[in-house]
Amino acid sequence: MNINTFGFIFTGIMLNAVAQLLLKKGTNAIGAIHLTAENWFSTGLQLATQLPIIGGLTCYVFSVVVWIIGLSRVDVSIAYPLLSLGYIVNAIGAWYFLGEVMSLQRMLAIGVIIIGVALLVKS
């Protein structure tokens with residue numbers, strides 16, 4: 001995999017991770033969602049007008065575009081496992097930006113992911 005291909009794959013991963021963080025920020029502003037027949041429209045409207053949710057969905061669109069470009073250049077058996085880098089970005093982003101807990105168990109899990117990605121890239 002050359003640097004340009006990795007750039008597309010990594011950009012897709014990062015945009016996807018940012019999308020998750022933005023979506024979570026948007027839902028935090030609303031609170032727990034409990035859809036019913038009576039509130040589905042108003043809840044949907046409330047979600048659709050949250051700027052972080054709009055930003056998250058926009059990031060998703062761009063992530064799909066760059067992901068497809070990257071995927072056209074590398075085997076899916078290499079590209080898809082690299083998506084696990086998004087778990088790392090999200091865990092760190094959720095801790096830093098959203099105040100979520102970063103426990104020892106989560107840090108160990110991130111370490112396992114990093115080892116797995118390193119083995120994959122070397123193959």
# chains A, B, ... in the order shown; residues from 1 in each chain; ligands from 1
>>> residues_around(residues="segment 65-67 of chain A", least_positions_apart="5", cutoff="12 Å", atoms="only C-alpha atoms", output="ChimeraX atom specification")
/A:4-16,58-60,72-74,76,79-80,82-83
>>> select_by_dssp(residues="segment 25-98 of chain A", states="alpha helix (DSSP H)", output="PyMOL selection string")
chain A and resi 25-30+40-48+51-71+76-82+85-98
>>> residues_around(residues="segment 87-97 of chain A", least_positions_apart="5", cutoff="7 Å", atoms="only C-alpha atoms", output="number ranges by chain")
A: 17, 21, 102, 110
>>> write_last_selection(atoms="all heavy atoms", output="mmCIF file, in the first residue's frame")
data_model
loop_
_atom_site.group_PDB
_atom_site.id
_atom_site.type_symbol
_atom_site.label_atom_id
_atom_site.label_comp_id
_atom_site.auth_asym_id
_atom_site.auth_seq_id
_atom_site.Cartn_x
_atom_site.Cartn_y
_atom_site.Cartn_z
ATOM 1 N N ALA A 17 -14.702 8.361 12.308
ATOM 2 C CA ALA A 17 -14.568 8.510 13.755
ATOM 3 C C ALA A 17 -15.114 9.860 14.213
ATOM 4 O O ALA A 17 -15.825 9.945 15.224
ATOM 5 C CB ALA A 17 -13.099 8.357 14.160
ATOM 6 N N LEU A 21 -18.291 10.846 16.908
ATOM 7 C CA LEU A 21 -18.190 11.785 18.025
ATOM 8 C C LEU A 21 -19.220 12.913 17.900
ATOM 9 O O LEU A 21 -19.837 13.313 18.891
ATOM 10 C CB LEU A 21 -16.775 12.349 18.118
ATOM 11 C CG LEU A 21 -15.694 11.333 18.497
ATOM 12 C CD1 LEU A 21 -14.311 11.920 18.304
ATOM 13 C CD2 LEU A 21 -15.891 10.831 19.925
ATOM 14 N N MET A 102 -11.922 6.552 30.651
ATOM 15 C CA MET A 102 -10.911 5.728 29.966
ATOM 16 C C MET A 102 -10.326 4.787 31.018
ATOM 17 O O MET A 102 -9.349 5.108 31.691
ATOM 18 C CB MET A 102 -9.829 6.618 29.345
ATOM 19 C CG MET A 102 -8.752 5.852 28.607
ATOM 20 S SD MET A 102 -9.318 4.902 27.199
ATOM 21 C CE MET A 102 -9.590 6.217 26.038
ATOM 22 N N ILE A 110 -7.354 -1.116 23.574
ATOM 23 C CA ILE A 110 -6.762 -0.268 22.537
ATOM 24 C C ILE A 110 -5.370 -0.782 22.176
ATOM 25 O O ILE A 110 -4.991 -0.829 21.004
ATOM 26 C CB ILE A 110 -6.726 1.206 22.991
ATOM 27 C CG1 ILE A 110 -8.141 1.773 22.987
ATOM 28 C CG2 ILE A 110 -5.801 2.041 22.108
ATOM 29 C CD1 ILE A 110 -8.264 3.136 23.638
#
>>> atom_distance(atom1="atom CA of Pro81 of chain A", atom2="atom CA of Ile54 of chain A")
27.3 Å
>>> atom_distance(atom1="atom CA of Gly55 of chain A", atom2="atom CA of Asn28 of chain A")
14.5 Å
>>> atom_distance(atom1="atom CA of Leu22 of chain A", atom2="atom CA of Leu47 of chain A")
12.1 Å
>>> residues_around(residues="Ala118 of chain A", least_positions_apart="3", cutoff="12 Å", atoms="only C-alpha atoms", output="ChimeraX atom specification")
/A:78,81-82,84-85,111-115,121-123
>>> write_last_selection(atoms="N, CA, C and O atoms", output="short mmCIF file (atom, residue, chain, number, x, y, z; two decimals), in the first residue's frame")
data_model
loop_
_atom_site.label_atom_id
_atom_site.label_comp_id
_atom_site.auth_asym_id
_atom_site.auth_seq_id
_atom_site.Cartn_x
_atom_site.Cartn_y
_atom_site.Cartn_z
N ILE A 78 -7.18 -6.05 3.67
CA ILE A 78 -6.25 -5.14 4.35
C ILE A 78 -7.01 -3.90 4.83
O ILE A 78 -6.88 -3.47 5.97
N PRO A 81 -9.91 -4.30 8.04
CA PRO A 81 -9.40 -4.36 9.42
C PRO A 81 -8.78 -3.04 9.90
O PRO A 81 -8.76 -2.78 11.10
N LEU A 82 -8.30 -2.22 8.97
CA LEU A 82 -7.75 -0.92 9.37
C LEU A 82 -8.82 -0.02 9.98
O LEU A 82 -8.50 0.94 10.69
N SER A 84 -10.43 -0.61 12.40
CA SER A 84 -10.31 -0.70 13.86
C SER A 84 -9.53 0.47 14.44
O SER A 84 -9.63 0.75 15.63
N LEU A 85 -8.77 1.18 13.61
CA LEU A 85 -8.11 2.40 14.09
C LEU A 85 -9.15 3.42 14.54
O LEU A 85 -8.88 4.24 15.43
N GLY A 111 -4.61 -1.20 23.18
CA GLY A 111 -3.29 -1.77 22.93
C GLY A 111 -3.35 -3.01 22.05
O GLY A 111 -2.54 -3.19 21.14
N VAL A 112 -4.33 -3.87 22.30
CA VAL A 112 -4.52 -5.07 21.49
C VAL A 112 -4.84 -4.68 20.05
O VAL A 112 -4.31 -5.27 19.09
N ILE A 113 -5.68 -3.68 19.86
CA ILE A 113 -6.03 -3.22 18.52
C ILE A 113 -4.78 -2.70 17.80
O ILE A 113 -4.55 -3.02 16.63
N ILE A 114 -3.98 -1.92 18.50
CA ILE A 114 -2.76 -1.38 17.89
C ILE A 114 -1.83 -2.50 17.45
O ILE A 114 -1.28 -2.46 16.34
N ILE A 115 -1.66 -3.51 18.29
CA ILE A 115 -0.82 -4.65 17.92
C ILE A 115 -1.39 -5.36 16.69
O ILE A 115 -0.66 -5.70 15.76
N VAL A 121 -0.50 -4.48 8.91
CA VAL A 121 0.21 -3.61 7.97
C VAL A 121 1.53 -4.25 7.55
O VAL A 121 1.95 -4.11 6.40
N LYS A 122 2.16 -5.03 8.44
CA LYS A 122 3.42 -5.68 8.12
C LYS A 122 3.24 -6.89 7.20
O LYS A 122 4.19 -7.33 6.58
N SER A 123 2.03 -7.40 7.10
CA SER A 123 1.80 -8.64 6.32
C SER A 123 1.88 -8.38 4.82
O SER A 123 1.64 -7.34 4.31
#
>>> decode(residues="segment 57-69 of chain A", atoms="all heavy atoms", output="tab-separated table (two decimals), in the first residue's frame")
chain	number	residue	atom	x	y	z
A	57	LEU	N	-23.31	13.59	10.00
A	57	LEU	CA	-23.81	12.98	8.76
A	57	LEU	C	-23.00	13.46	7.55
A	57	LEU	O	-22.72	12.68	6.63
A	57	LEU	CB	-25.30	13.28	8.58
A	57	LEU	CG	-26.21	12.62	9.62
A	57	LEU	CD1	-27.65	13.11	9.45
A	57	LEU	CD2	-26.14	11.11	9.54
A	58	THR	N	-22.59	14.71	7.57
A	58	THR	CA	-21.75	15.24	6.50
A	58	THR	C	-20.40	14.52	6.47
A	58	THR	O	-19.91	14.14	5.40
A	58	THR	CB	-21.54	16.76	6.67
A	58	THR	OG1	-22.82	17.39	6.67
A	58	THR	CG2	-20.68	17.34	5.57
A	59	CYS	N	-19.83	14.31	7.65
A	59	CYS	CA	-18.57	13.56	7.72
A	59	CYS	C	-18.73	12.15	7.16
A	59	CYS	O	-17.84	11.63	6.49
A	59	CYS	CB	-18.05	13.50	9.15
A	59	CYS	SG	-17.31	15.03	9.74
A	60	TYR	N	-19.87	11.53	7.46
A	60	TYR	CA	-20.13	10.19	6.92
A	60	TYR	C	-20.12	10.19	5.39
A	60	TYR	O	-19.55	9.30	4.77
A	60	TYR	CB	-21.48	9.65	7.40
A	60	TYR	CG	-21.40	8.80	8.63
A	60	TYR	CD1	-22.33	8.93	9.63
A	60	TYR	CD2	-20.40	7.85	8.79
A	60	TYR	CE1	-22.28	8.16	10.76
A	60	TYR	CE2	-20.33	7.07	9.93
A	60	TYR	CZ	-21.28	7.23	10.90
A	60	TYR	OH	-21.22	6.46	12.03
A	61	VAL	N	-20.78	11.16	4.80
A	61	VAL	CA	-20.83	11.23	3.33
A	61	VAL	C	-19.42	11.32	2.76
A	61	VAL	O	-19.05	10.56	1.86
A	61	VAL	CB	-21.70	12.42	2.87
A	61	VAL	CG1	-21.55	12.66	1.37
A	61	VAL	CG2	-23.16	12.19	3.23
A	62	PHE	N	-18.62	12.24	3.29
A	62	PHE	CA	-17.26	12.38	2.79
A	62	PHE	C	-16.42	11.15	3.08
A	62	PHE	O	-15.57	10.75	2.28
A	62	PHE	CB	-16.60	13.64	3.36
A	62	PHE	CG	-17.11	14.91	2.75
A	62	PHE	CD1	-17.84	15.81	3.51
A	62	PHE	CD2	-16.88	15.20	1.41
A	62	PHE	CE1	-18.33	16.98	2.95
A	62	PHE	CE2	-17.36	16.37	0.84
A	62	PHE	CZ	-18.09	17.26	1.61
A	63	SER	N	-16.65	10.51	4.23
A	63	SER	CA	-15.87	9.31	4.56
A	63	SER	C	-16.14	8.18	3.58
A	63	SER	O	-15.23	7.45	3.21
A	63	SER	CB	-16.14	8.85	6.00
A	63	SER	OG	-17.37	8.17	6.13
A	64	VAL	N	-17.38	8.06	3.14
A	64	VAL	CA	-17.72	7.01	2.17
A	64	VAL	C	-17.02	7.27	0.84
A	64	VAL	O	-16.48	6.36	0.21
A	64	VAL	CB	-19.25	6.90	1.99
A	64	VAL	CG1	-19.60	6.02	0.81
A	64	VAL	CG2	-19.90	6.38	3.26
A	65	VAL	N	-16.99	8.53	0.42
A	65	VAL	CA	-16.34	8.87	-0.85
A	65	VAL	C	-14.85	8.52	-0.82
A	65	VAL	O	-14.35	7.81	-1.70
A	65	VAL	CB	-16.55	10.36	-1.20
A	65	VAL	CG1	-15.70	10.76	-2.40
A	65	VAL	CG2	-18.02	10.64	-1.46
A	66	VAL	N	-14.14	8.98	0.20
A	66	VAL	CA	-12.70	8.70	0.25
A	66	VAL	C	-12.43	7.23	0.54
A	66	VAL	O	-11.43	6.67	0.07
A	66	VAL	CB	-11.94	9.62	1.23
A	66	VAL	CG1	-12.02	11.06	0.80
A	66	VAL	CG2	-12.41	9.46	2.64
A	67	TRP	N	-13.31	6.58	1.28
A	67	TRP	CA	-13.16	5.15	1.53
A	67	TRP	C	-13.26	4.35	0.23
A	67	TRP	O	-12.48	3.44	-0.02
A	67	TRP	CB	-14.20	4.67	2.54
A	67	TRP	CG	-14.07	3.22	2.85
A	67	TRP	CD1	-14.84	2.20	2.39
A	67	TRP	CD2	-13.07	2.62	3.67
A	67	TRP	NE1	-14.39	1.00	2.88
A	67	TRP	CE2	-13.31	1.23	3.67
A	67	TRP	CE3	-12.01	3.12	4.41
A	67	TRP	CZ2	-12.51	0.33	4.38
A	67	TRP	CZ3	-11.22	2.22	5.12
A	67	TRP	CH2	-11.48	0.86	5.10
A	68	ILE	N	-14.23	4.69	-0.60
A	68	ILE	CA	-14.38	3.99	-1.88
A	68	ILE	C	-13.14	4.18	-2.75
A	68	ILE	O	-12.67	3.23	-3.39
A	68	ILE	CB	-15.67	4.47	-2.61
A	68	ILE	CG1	-16.90	3.95	-1.87
A	68	ILE	CG2	-15.67	4.03	-4.07
A	68	ILE	CD1	-18.20	4.54	-2.34
A	69	ILE	N	-12.59	5.39	-2.76
A	69	ILE	CA	-11.37	5.63	-3.53
A	69	ILE	C	-10.24	4.76	-2.99
A	69	ILE	O	-9.53	4.09	-3.75
A	69	ILE	CB	-10.99	7.12	-3.50
A	69	ILE	CG1	-12.03	7.95	-4.24
A	69	ILE	CG2	-9.59	7.34	-4.09
A	69	ILE	CD1	-11.91	9.46	-4.02
